[in-house]
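**Q** One file: model.csv (CSV, C-alpha atoms).
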chain,number,residue,atom,x,y,z
C,1,MET,CA,-9.4,-0.5,-20.9
C,2,SER,CA,-12.9,0.2,-19.6
C,3,ASP,CA,-11.7,-1.4,-16.3
C,4,THR,CA,-9.3,1.4,-15.6
C,5,SER,CA,-11.1,4.5,-16.9
C,6,MET,CA,-11.7,6.8,-14.0
C,7,VAL,CA,-14.4,9.2,-12.9
C,8,SER,CA,-13.8,12.2,-10.7
C,9,MET,CA,-15.4,12.2,-7.2
C,10,LYS,CA,-15.0,14.0,-3.9
C,11,ARG,CA,-13.7,12.3,-0.7
C,12,VAL,CA,-15.1,13.8,2.5
C,13,GLN,CA,-13.1,13.0,5.6
C,14,ILE,CA,-14.4,13.8,9.0
C,15,ILE,CA,-12.7,13.5,12.4
C,16,VAL,CA,-14.9,13.5,15.5
C,17,LYS,CA,-14.9,12.4,19.1
C,18,GLY,CA,-16.2,8.8,19.5
C,19,GLU,CA,-19.2,10.0,21.4
C,20,ASP,CA,-20.3,12.0,18.3
C,21,LEU,CA,-19.6,9.3,15.8
C,22,HIS,CA,-23.3,8.3,15.6
C,23,LEU,CA,-24.3,11.8,14.8
C,24,VAL,CA,-22.0,11.9,11.7
C,25,GLU,CA,-23.2,8.4,10.7
C,26,HIS,CA,-26.8,9.6,10.8
C,27,LEU,CA,-26.0,12.6,8.8
C,28,LEU,CA,-24.2,10.6,6.1
C,29,VAL,CA,-27.0,8.0,5.9
C,30,ASN,CA,-29.6,10.8,5.7
C,31,ALA,CA,-27.5,12.5,2.9
C,32,LYS,CA,-27.9,9.2,1.1
C,33,VAL,CA,-24.2,8.5,0.6
C,34,SER,CA,-23.6,5.1,-0.9
C,35,GLY,CA,-21.4,4.1,2.0
C,36,PHE,CA,-18.6,5.2,4.3
C,37,THR,CA,-15.6,3.9,6.2
C,38,ILE,CA,-14.7,4.4,9.8
C,39,VAL,CA,-11.1,4.3,11.1
C,40,PRO,CA,-11.7,4.0,14.8
C,41,ASN,CA,-9.6,5.0,17.8
C,42,VAL,CA,-7.2,7.5,16.2
C,43,SER,CA,-5.5,10.1,18.4
C,44,GLY,CA,-6.0,13.7,17.8
C,45,ARG,CA,-4.0,16.6,19.1
C,46,GLY,CA,-5.3,20.2,18.7
C,47,HIS,CA,-7.3,21.4,15.7
C,48,HIS,CA,-10.3,19.2,16.6
C,49,GLY,CA,-12.4,21.9,18.2
C,50,VAL,CA,-9.7,23.5,20.2
C,51,HIS,CA,-10.3,27.2,20.3
C,52,GLU,CA,-7.8,28.4,22.9
C,53,GLY,CA,-5.0,29.0,20.4
C,54,HIS,CA,-2.4,26.8,21.9
C,55,LEU,CA,-1.4,23.3,20.9
C,56,LEU,CA,-0.6,21.7,24.2
C,57,PHE,CA,1.5,18.6,24.0
C,58,ASN,CA,-0.7,16.6,26.3
C,59,ASP,CA,-3.9,17.7,24.6
C,60,MET,CA,-4.7,14.3,23.1
C,61,HIS,CA,-8.1,12.9,22.3
C,62,THR,CA,-9.4,9.6,21.1
C,63,LEU,CA,-11.3,10.2,17.9
C,64,ASP,CA,-12.7,8.4,14.9
C,65,ILE,CA,-12.2,9.2,11.3
C,66,LEU,CA,-15.1,8.7,8.9
C,67,PHE,CA,-14.7,9.1,5.1
C,68,THR,CA,-17.0,8.8,2.2
C,69,ILE,CA,-16.7,9.2,-1.5
C,70,VAL,CA,-19.5,11.1,-3.2
C,71,PRO,CA,-20.3,12.8,-6.5
C,72,GLU,CA,-19.4,16.5,-6.3
C,73,ASP,CA,-23.1,17.6,-6.4
C,74,ARG,CA,-23.7,15.8,-3.0
C,75,LEU,CA,-21.0,17.8,-1.3
C,76,ASP,CA,-22.9,20.9,-0.3
C,77,PRO,CA,-25.6,19.3,1.7
C,78,ILE,CA,-23.1,17.2,3.6
C,79,LEU,CA,-20.9,20.2,4.4
C,80,ALA,CA,-23.9,22.2,5.4
C,81,GLY,CA,-25.0,19.4,7.8
C,82,LEU,CA,-21.6,19.1,9.3
C,83,GLY,CA,-21.4,22.9,9.7
C,84,THR,CA,-24.5,22.8,11.8
C,85,LEU,CA,-23.2,19.8,13.8
C,86,PHE,CA,-19.9,21.4,14.4
C,87,GLU,CA,-21.6,24.4,16.0
C,88,ARG,CA,-22.2,22.2,19.1
C,89,HIS,CA,-19.7,19.4,18.7
C,90,SER,CA,-16.0,19.6,17.9
C,91,GLY,CA,-14.7,18.0,14.8
C,92,VAL,CA,-13.0,18.7,11.5
C,93,VAL,CA,-13.8,18.0,7.9
C,94,PHE,CA,-11.8,18.2,4.8
C,95,VAL,CA,-12.4,17.4,1.1
C,96,SER,CA,-10.1,16.1,-1.5
C,97,ASP,CA,-10.3,15.0,-5.2
C,98,VAL,CA,-10.3,11.3,-5.9
C,99,TRP,CA,-10.9,9.2,-9.0
C,100,VAL,CA,-12.8,5.9,-9.0
C,101,THR,CA,-13.1,3.2,-11.6
C,102,ARG,CA,-16.5,2.0,-10.8
C,103,LYS,CA,-18.7,5.1,-10.6
C,104,HIS,CA,-21.9,3.2,-9.7
C,105,TYR,CA,-20.5,2.2,-6.4
C,106,PHE,CA,-20.3,5.7,-5.1
C,107,GLU,CA,-23.5,7.1,-6.4
C,108,THR,CA,-26.0,8.3,-3.9
C,109,TYR,CA,-29.5,6.9,-3.4
C,110,ALA,CA,-31.2,10.2,-4.2
C,111,ASN,CA,-33.4,8.4,-6.7
C,112,SER,CA,-33.9,5.2,-4.8
C,113,SER,CA,-37.3,4.4,-3.2
C,114,ARG,CA,-35.8,4.4,0.2
V,1,MET,CA,-23.7,29.2,1.9
V,2,SER,CA,-20.8,30.5,4.0
V,3,ASP,CA,-20.8,27.2,5.9
V,4,THR,CA,-19.8,25.3,2.8
V,5,SER,CA,-17.3,27.7,1.1
V,6,MET,CA,-13.9,26.0,1.0
V,7,VAL,CA,-10.4,27.1,1.3
V,8,SER,CA,-7.4,25.3,-0.1
V,9,MET,CA,-4.9,23.7,2.3
V,10,LYS,CA,-2.2,21.1,2.2
V,11,ARG,CA,-2.4,17.7,3.9
V,12,VAL,CA,0.9,16.3,5.1
V,13,GLN,CA,0.9,12.6,5.8
V,14,ILE,CA,3.8,11.0,7.5
V,15,ILE,CA,4.5,7.3,8.1
V,16,VAL,CA,7.1,6.3,10.7
V,17,LYS,CA,8.1,3.6,13.1
V,18,GLY,CA,6.4,3.7,16.5
V,19,GLU,CA,9.7,4.4,18.1
V,20,ASP,CA,10.2,7.6,16.0
V,21,LEU,CA,6.6,8.9,16.5
V,22,HIS,CA,7.6,11.3,19.2
V,23,LEU,CA,10.2,12.9,16.9
V,24,VAL,CA,7.6,13.7,14.4
V,25,GLU,CA,5.2,15.0,17.0
V,26,HIS,CA,7.9,17.3,18.3
V,27,LEU,CA,8.7,18.5,14.8
V,28,LEU,CA,5.0,19.3,14.1
V,29,VAL,CA,4.5,21.0,17.4
V,30,ASN,CA,7.6,23.1,16.8
V,31,ALA,CA,6.4,23.9,13.3
V,32,LYS,CA,3.3,25.4,15.1
V,33,VAL,CA,0.8,23.3,13.2
V,34,SER,CA,-2.7,23.8,14.7
V,35,GLY,CA,-3.1,20.0,15.3
V,36,PHE,CA,-2.5,16.6,13.9
V,37,THR,CA,-4.1,13.1,13.9
V,38,ILE,CA,-2.3,9.8,14.6
V,39,VAL,CA,-3.5,6.5,13.2
V,40,PRO,CA,-1.6,4.0,15.3
V,41,ASN,CA,-0.4,0.5,14.6
V,42,VAL,CA,-0.7,0.3,10.8
V,43,SER,CA,1.4,-2.2,8.9
V,44,GLY,CA,4.0,-1.2,6.4
V,45,ARG,CA,5.6,-3.3,3.8
V,46,GLY,CA,8.6,-1.9,1.9
V,47,HIS,CA,9.1,1.8,0.9
V,48,HIS,CA,9.5,2.9,4.5
V,49,GLY,CA,13.2,3.2,4.5
V,50,VAL,CA,13.9,0.0,2.7
V,51,HIS,CA,16.9,0.7,0.5
V,52,GLU,CA,17.9,-2.8,-0.6
V,53,GLY,CA,15.7,-2.7,-3.7
V,54,HIS,CA,13.5,-5.7,-3.1
V,55,LEU,CA,10.0,-5.8,-1.6
V,56,LEU,CA,10.1,-9.0,0.4
V,57,PHE,CA,6.8,-10.4,1.3
V,58,ASN,CA,7.6,-10.9,4.9
V,59,ASP,CA,9.2,-7.4,5.3
V,60,MET,CA,6.4,-6.0,7.5
V,61,HIS,CA,6.7,-3.3,10.1
V,62,THR,CA,4.4,-1.8,12.7
V,63,LEU,CA,4.2,1.9,11.9
V,64,ASP,CA,2.2,5.0,12.8
V,65,ILE,CA,0.6,7.4,10.4
V,66,LEU,CA,0.4,11.1,11.4
V,67,PHE,CA,-1.3,13.7,9.3
V,68,THR,CA,-1.8,17.4,9.6
V,69,ILE,CA,-3.5,20.0,7.5
V,70,VAL,CA,-1.6,23.3,7.1
V,71,PRO,CA,-1.7,26.4,4.9
V,72,GLU,CA,0.6,26.0,1.9
V,73,ASP,CA,3.1,28.5,3.3
V,74,ARG,CA,3.9,26.2,6.2
V,75,LEU,CA,4.8,23.3,4.0
V,76,ASP,CA,8.5,24.0,3.4
V,77,PRO,CA,9.7,24.1,7.0
V,78,ILE,CA,7.9,20.9,7.8
V,79,LEU,CA,9.3,19.1,4.8
V,80,ALA,CA,12.8,20.4,5.5
V,81,GLY,CA,12.5,19.2,9.1
V,82,LEU,CA,11.3,15.8,8.0
V,83,GLY,CA,14.1,15.6,5.4
V,84,THR,CA,16.6,16.1,8.1
V,85,LEU,CA,14.8,13.5,10.3
V,86,PHE,CA,14.7,11.0,7.5
V,87,GLU,CA,18.4,11.1,7.1
V,88,ARG,CA,18.7,9.0,10.3
V,89,HIS,CA,15.2,7.5,10.7
V,90,SER,CA,13.2,5.7,8.1
V,91,GLY,CA,9.8,7.1,7.1
V,92,VAL,CA,7.9,8.5,4.3
V,93,VAL,CA,6.0,11.7,3.7
V,94,PHE,CA,3.5,12.7,1.1
V,95,VAL,CA,1.5,15.8,0.5
V,96,SER,CA,-1.9,16.3,-1.1
V,97,ASP,CA,-4.4,19.1,-1.7
V,98,VAL,CA,-7.4,19.4,0.5
V,99,TRP,CA,-10.1,21.9,1.0
V,100,VAL,CA,-11.5,22.9,4.4
V,101,THR,CA,-14.6,24.8,5.3
V,102,ARG,CA,-13.4,26.4,8.5
V,103,LYS,CA,-10.0,27.9,7.7
V,104,HIS,CA,-9.3,29.2,11.2
V,105,TYR,CA,-9.1,25.6,12.6
V,106,PHE,CA,-6.0,24.9,10.5
V,107,GLU,CA,-4.0,28.0,10.9
V,108,THR,CA,-0.7,27.8,12.5
V,109,TYR,CA,0.3,29.6,15.7
V,110,ALA,CA,3.0,31.6,14.0
V,111,ASN,CA,1.6,34.8,15.4
V,112,SER,CA,0.6,33.5,18.8
V,113,SER,CA,2.4,34.5,21.9
V,114,ARG,CA,3.5,30.9,22.5
J,1,MET,CA,15.9,23.6,-0.9
J,2,SER,CA,16.3,20.3,-2.6
J,3,ASP,CA,14.9,18.5,0.4
J,4,THR,CA,11.5,20.0,-0.1
J,5,SER,CA,11.1,19.8,-3.9
J,6,MET,CA,8.2,17.6,-4.7
J,7,VAL,CA,7.4,15.1,-7.4
J,8,SER,CA,3.9,14.1,-8.5
J,9,MET,CA,2.8,10.5,-7.8
J,10,LYS,CA,-0.5,8.6,-7.5
J,11,ARG,CA,-1.9,7.2,-4.3
J,12,VAL,CA,-4.0,4.1,-4.7
J,13,GLN,CA,-6.3,3.3,-1.8
J,14,ILE,CA,-8.1,0.0,-1.6
J,15,ILE,CA,-10.7,-1.2,0.9
J,16,VAL,CA,-11.4,-4.9,1.1
J,17,LYS,CA,-12.6,-7.6,3.5
J,18,GLY,CA,-10.0,-9.0,5.8
J,19,GLU,CA,-10.3,-12.4,4.1
J,20,ASP,CA,-9.3,-10.9,0.8
J,21,LEU,CA,-6.4,-8.8,2.1
J,22,HIS,CA,-3.8,-11.3,1.0
J,23,LEU,CA,-5.2,-11.2,-2.6
J,24,VAL,CA,-4.6,-7.5,-2.8
J,25,GLU,CA,-1.2,-7.8,-1.2
J,26,HIS,CA,-0.2,-10.4,-3.8
J,27,LEU,CA,-1.5,-8.2,-6.6
J,28,LEU,CA,0.6,-5.2,-5.3
J,29,VAL,CA,3.7,-7.2,-4.9
J,30,ASN,CA,3.3,-8.6,-8.3
J,31,ALA,CA,2.8,-5.1,-9.7
J,32,LYS,CA,6.2,-4.4,-8.2
J,33,VAL,CA,5.1,-1.4,-6.1
J,34,SER,CA,7.9,-0.3,-3.8
J,35,GLY,CA,5.7,-0.8,-0.7
J,36,PHE,CA,2.3,-0.3,0.8
J,37,THR,CA,0.6,0.4,4.1
J,38,ILE,CA,-2.3,-1.5,5.7
J,39,VAL,CA,-4.7,0.2,8.1
J,40,PRO,CA,-6.4,-2.9,9.7
J,41,ASN,CA,-9.8,-3.4,11.2
J,42,VAL,CA,-11.7,-0.4,9.8
J,43,SER,CA,-15.4,-0.5,9.7
J,44,GLY,CA,-17.2,-0.2,6.4
J,45,ARG,CA,-20.9,0.5,5.8
J,46,GLY,CA,-22.3,0.2,2.3
J,47,HIS,CA,-20.4,0.9,-1.0
J,48,HIS,CA,-18.1,-2.1,-0.5
J,49,GLY,CA,-19.6,-4.4,-2.9
J,50,VAL,CA,-23.2,-3.8,-1.8
J,51,HIS,CA,-25.3,-4.0,-4.9
J,52,GLU,CA,-28.8,-4.0,-3.5
J,53,GLY,CA,-29.2,-0.2,-3.6
J,54,HIS,CA,-29.9,0.4,0.1
J,55,LEU,CA,-27.5,1.5,2.7
J,56,LEU,CA,-28.8,-0.3,5.8
J,57,PHE,CA,-27.8,1.1,9.1
J,58,ASN,CA,-26.7,-2.2,10.5
J,59,ASP,CA,-24.8,-3.2,7.3
J,60,MET,CA,-21.3,-3.0,8.9
J,61,HIS,CA,-18.3,-4.9,7.9
J,62,THR,CA,-14.7,-5.2,9.2
J,63,LEU,CA,-12.4,-4.3,6.5
J,64,ASP,CA,-8.8,-3.4,5.8
J,65,ILE,CA,-7.5,-0.3,4.0
J,66,LEU,CA,-4.3,-0.7,1.9
J,67,PHE,CA,-2.6,2.1,0.2
J,68,THR,CA,0.4,2.5,-2.0
J,69,ILE,CA,2.1,5.4,-3.8
J,70,VAL,CA,3.2,4.8,-7.3
J,71,PRO,CA,4.4,6.6,-10.4
J,72,GLU,CA,1.4,7.4,-12.7
J,73,ASP,CA,2.6,4.9,-15.3
J,74,ARG,CA,2.1,2.0,-12.9
J,75,LEU,CA,-1.5,2.8,-12.3
J,76,ASP,CA,-3.2,1.0,-15.2
J,77,PRO,CA,-1.9,-2.5,-14.5
J,78,ILE,CA,-2.9,-2.1,-10.8
J,79,LEU,CA,-6.4,-0.9,-11.6
J,80,ALA,CA,-6.8,-3.6,-14.2
J,81,GLY,CA,-5.7,-6.3,-11.7
J,82,LEU,CA,-8.1,-4.9,-9.1
J,83,GLY,CA,-10.9,-4.8,-11.7
J,84,THR,CA,-10.5,-8.5,-12.2
J,85,LEU,CA,-10.3,-9.2,-8.5
J,86,PHE,CA,-13.4,-7.1,-7.8
J,87,GLU,CA,-15.4,-9.2,-10.2
J,88,ARG,CA,-15.5,-12.0,-7.6
J,89,HIS,CA,-14.6,-10.1,-4.3
J,90,SER,CA,-16.1,-7.0,-2.9
J,91,GLY,CA,-14.0,-3.9,-2.5
J,92,VAL,CA,-13.4,-0.4,-3.6
J,93,VAL,CA,-10.4,1.5,-5.0
J,94,PHE,CA,-9.8,5.2,-5.4
J,95,VAL,CA,-6.9,7.2,-6.7
J,96,SER,CA,-5.6,10.6,-5.7
J,97,ASP,CA,-2.8,12.9,-6.5
J,98,VAL,CA,0.1,13.2,-4.0
J,99,TRP,CA,3.5,14.8,-4.0
J,100,VAL,CA,6.5,13.2,-2.5
J,101,THR,CA,9.9,14.7,-1.7
J,102,ARG,CA,12.0,11.5,-2.2
J,103,LYS,CA,11.0,10.1,-5.5
J,104,HIS,CA,13.2,7.0,-5.3
J,105,TYR,CA,11.3,5.6,-2.4
J,106,PHE,CA,8.2,5.1,-4.5
J,107,GLU,CA,9.7,3.8,-7.7
J,108,THR,CA,8.7,0.4,-8.7
J,109,TYR,CA,11.0,-2.5,-9.2
J,110,ALA,CA,10.2,-2.9,-12.8
J,111,ASN,CA,13.9,-2.9,-13.6
J,112,SER,CA,15.1,-4.9,-10.7
J,113,SER,CA,16.4,-8.5,-11.1
J,114,ARG,CA,13.6,-9.8,-8.9
Show me this structure written as structure tokens.

**A**
Amino acid sequence: MSDTSMVSMKRVQIIVKGEDLHLVEHLLVNAKVSGFTIVPNVSGRGHHGVHEGHLLFNDMHTLDILFTIVPEDRLDPILAGLGTLFERHSGVVFVSDVWVTRKHYFETYANSSR
Amino acid sequence: MSDTSMVSMKRVQIIVKGEDLHLVEHLLVNAKVSGFTIVPNVSGRGHHGVHEGHLLFNDMHTLDILFTIVPEDRLDPILAGLGTLFERHSGVVFVSDVWVTRKHYFETYANSSR
Amino acid sequence: MSDTSMVSMKRVQIIVKGEDLHLVEHLLVNAKVSGFTIVPNVSGRGHHGVHEGHLLFNDMHTLDILFTIVPEDRLDPILAGLGTLFERHSGVVFVSDVWVTRKHYFETYANSSR
């Protein structure tokens, strides 16, 4: 049963404009996440940096989704970095609980020689 | 630390046929969500309105995923609307817990003048 | 209100190389899930079978995401099957809690004549 025992982790999902994708990639690499996934060319309407208080039906942007899975103790630096980034670039981030079977795949490189 | 304090929200994820995408978009806009994201052209096999009780290996459809993040008190009207829609159109919806750092991005326009 | 009452389920999300997609599809069909969704052609960096301990900035792969929603009691056989598959093929899997309104859509075919 060791194959299916699960460990709690956090999933961080970020949605940004394509032109800002590289900024988030740099941030995640610098945060020493073990990896991330990009879902390119999604469409976003509203709540991606729209401040004007109306969701207009033709307010559609081409965006990218990035997500990464990290141990909970890595969450704060990532969110702090994104908070700074989102002061100048539109985007959203949300966090959810996930469980993984192979914990070592998702550990950060905090202790690596990199 | 105010950048990284998180607020609980609900993520609503909906999977529908491309031809029905506009119906869900209208429903979400009418529900005054603050925004949503569309992942276009995903492939679905089974459980998207298949009633016949068999998952056939060649039963593949081109679908779209929409998701939105809303305060919990906005969930019921959205699910009720989808329930009505899914009486005539195939699709699935599921809800999960997420946490966001910037609550105001996800608030609905219930109190706007729109 | 019966439309919006929700039942707890598990979402299993799997990320694999395109060449291994069919293996996961077979595994899920054999596990008698009621259906699954494929998000094709996502980009993955690191943590998809990378063992060398460094996340290189040009270490990018084209991958596919599959996800399925199953009752909790179907989780262990799926994770065990993936555990075996991931001994020879790179990939990641993570599990999260979701709630669905229409439980029958997500039930497995364990009792079907298939």

**Q** What are the closest atom pairs, with distances in Å to one decimal, for all residues of chain C lying within 7 Å of chain J? Consider only C-alpha atoms, order rows by chain and residue number, and present the result as a tab-separated table.

**A**
residue	atom	partner	partner_atom	distance
C:Asp3	CA	J:Ala80	CA	5.8
C:Thr4	CA	J:Leu79	CA	5.4
C:Ser34	CA	J:His47	CA	5.3
C:Gly35	CA	J:Gly46	CA	4.0
C:Phe36	CA	J:Arg45	CA	5.4
C:Thr37	CA	J:Gly44	CA	4.4
C:Ile38	CA	J:Ser43	CA	5.0
C:Val39	CA	J:Val42	CA	4.9
C:Pro40	CA	J:Val42	CA	6.7
C:Asp97	CA	J:Ser96	CA	6.5
C:Val98	CA	J:Ser96	CA	4.8
C:Trp99	CA	J:Val95	CA	5.0
C:Val100	CA	J:Phe94	CA	4.7
C:Tyr105	CA	J:His47	CA	5.6
C:Phe106	CA	J:His47	CA	6.3

**Q** Please, what distance in Å, to one decimal, runs between atom CA of Glu87 of chain C and atom CA of Pro71 of chain C?

**A**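 One can read the atom CA of Glu87 of chain C to atom CA of Pro71 of chain C distance as 25.3 Å.
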
**Q** Go ahead and compute the interatomic distance for atom CA of Phe67 of chain C and atom CA of Ser8 of chain V, in Å to one decimal.

**A**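 Between these atoms lies a distance of 18.5 Å.
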
**Q** Since the input has fewer atoms than a full residue there, write segment 58-81 of chain C out with N, CA, C and O atoms, as a short mmCIF file (atom, residue, chain, number, x, y, z; two decimals), in the coordinates of the input.

**A**
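Saved to out.cif:
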data_model
loop_
_atom_site.label_atom_id
_atom_site.label_comp_id
_atom_site.auth_asym_id
_atom_site.auth_seq_id
_atom_site.Cartn_x
_atom_site.Cartn_y
_atom_site.Cartn_z
N ASN C 58 0.05 17.74 25.72
CA ASN C 58 -0.70 16.60 26.30
C ASN C 58 -2.22 16.74 26.01
O ASN C 58 -3.02 16.09 26.66
N ASP C 59 -2.53 17.56 25.03
CA ASP C 59 -3.90 17.70 24.60
C ASP C 59 -4.29 16.68 23.58
O ASP C 59 -4.33 16.95 22.39
N MET C 60 -4.49 15.46 24.03
CA MET C 60 -4.70 14.30 23.10
C MET C 60 -6.08 13.73 23.34
O MET C 60 -6.47 13.49 24.48
N HIS C 61 -6.77 13.52 22.26
CA HIS C 61 -8.10 12.90 22.30
C HIS C 61 -8.20 11.66 21.53
O HIS C 61 -7.50 11.50 20.54
N THR C 62 -9.09 10.79 21.93
CA THR C 62 -9.40 9.60 21.10
C THR C 62 -10.57 9.95 20.20
O THR C 62 -11.63 10.37 20.65
N LEU C 63 -10.32 9.80 18.93
CA LEU C 63 -11.30 10.20 17.90
C LEU C 63 -11.53 9.12 16.92
O LEU C 63 -10.87 8.09 16.95
N ASP C 64 -12.48 9.36 16.05
CA ASP C 64 -12.70 8.40 14.90
C ASP C 64 -12.68 9.23 13.64
O ASP C 64 -13.11 10.38 13.58
N ILE C 65 -12.15 8.59 12.63
CA ILE C 65 -12.20 9.20 11.30
C ILE C 65 -13.29 8.47 10.49
O ILE C 65 -13.38 7.24 10.51
N LEU C 66 -14.10 9.23 9.83
CA LEU C 66 -15.10 8.70 8.90
C LEU C 66 -14.71 9.26 7.50
O LEU C 66 -14.39 10.45 7.40
N PHE C 67 -14.79 8.46 6.46
CA PHE C 67 -14.70 9.10 5.10
C PHE C 67 -15.69 8.42 4.19
O PHE C 67 -16.07 7.26 4.35
N THR C 68 -16.11 9.24 3.26
CA THR C 68 -17.00 8.80 2.20
C THR C 68 -16.64 9.39 0.91
O THR C 68 -15.94 10.41 0.87
N ILE C 69 -17.04 8.75 -0.16
CA ILE C 69 -16.70 9.20 -1.50
C ILE C 69 -18.07 9.50 -2.19
O ILE C 69 -18.93 8.62 -2.24
N VAL C 70 -18.21 10.72 -2.66
CA VAL C 70 -19.50 11.10 -3.20
C VAL C 70 -19.30 11.92 -4.52
O VAL C 70 -18.25 12.53 -4.73
N PRO C 71 -20.32 11.91 -5.37
CA PRO C 71 -20.30 12.80 -6.50
C PRO C 71 -20.27 14.27 -6.03
O PRO C 71 -20.83 14.57 -4.96
N GLU C 72 -19.64 15.13 -6.79
CA GLU C 72 -19.40 16.50 -6.30
C GLU C 72 -20.76 17.19 -5.96
O GLU C 72 -20.80 18.00 -5.03
N ASP C 73 -21.84 16.86 -6.66
CA ASP C 73 -23.10 17.60 -6.40
C ASP C 73 -23.73 17.17 -5.05
O ASP C 73 -24.73 17.76 -4.65
N ARG C 74 -23.15 16.20 -4.38
CA ARG C 74 -23.70 15.80 -3.00
C ARG C 74 -22.90 16.51 -1.93
O ARG C 74 -23.19 16.30 -0.75
N LEU C 75 -21.88 17.27 -2.30
CA LEU C 75 -21.00 17.80 -1.30
C LEU C 75 -21.64 18.87 -0.42
O LEU C 75 -21.52 18.84 0.82
N ASP C 76 -22.33 19.81 -1.03
CA ASP C 76 -22.90 20.90 -0.30
C ASP C 76 -23.81 20.56 0.86
O ASP C 76 -23.65 21.05 1.98
N PRO C 77 -24.77 19.66 0.60
CA PRO C 77 -25.60 19.30 1.70
C PRO C 77 -24.88 18.63 2.87
O PRO C 77 -25.20 18.86 4.04
N ILE C 78 -23.87 17.84 2.54
CA ILE C 78 -23.10 17.20 3.60
C ILE C 78 -22.32 18.22 4.41
O ILE C 78 -22.32 18.20 5.64
N LEU C 79 -21.67 19.14 3.71
CA LEU C 79 -20.90 20.20 4.40
C LEU C 79 -21.80 21.10 5.22
O LEU C 79 -21.44 21.53 6.32
N ALA C 80 -22.97 21.38 4.69
CA ALA C 80 -23.90 22.20 5.40
C ALA C 80 -24.35 21.52 6.72
O ALA C 80 -24.39 22.12 7.80
N GLY C 81 -24.65 20.23 6.60
CA GLY C 81 -25.00 19.40 7.80
C GLY C 81 -23.94 19.38 8.81
O GLY C 81 -24.18 19.54 10.02
#
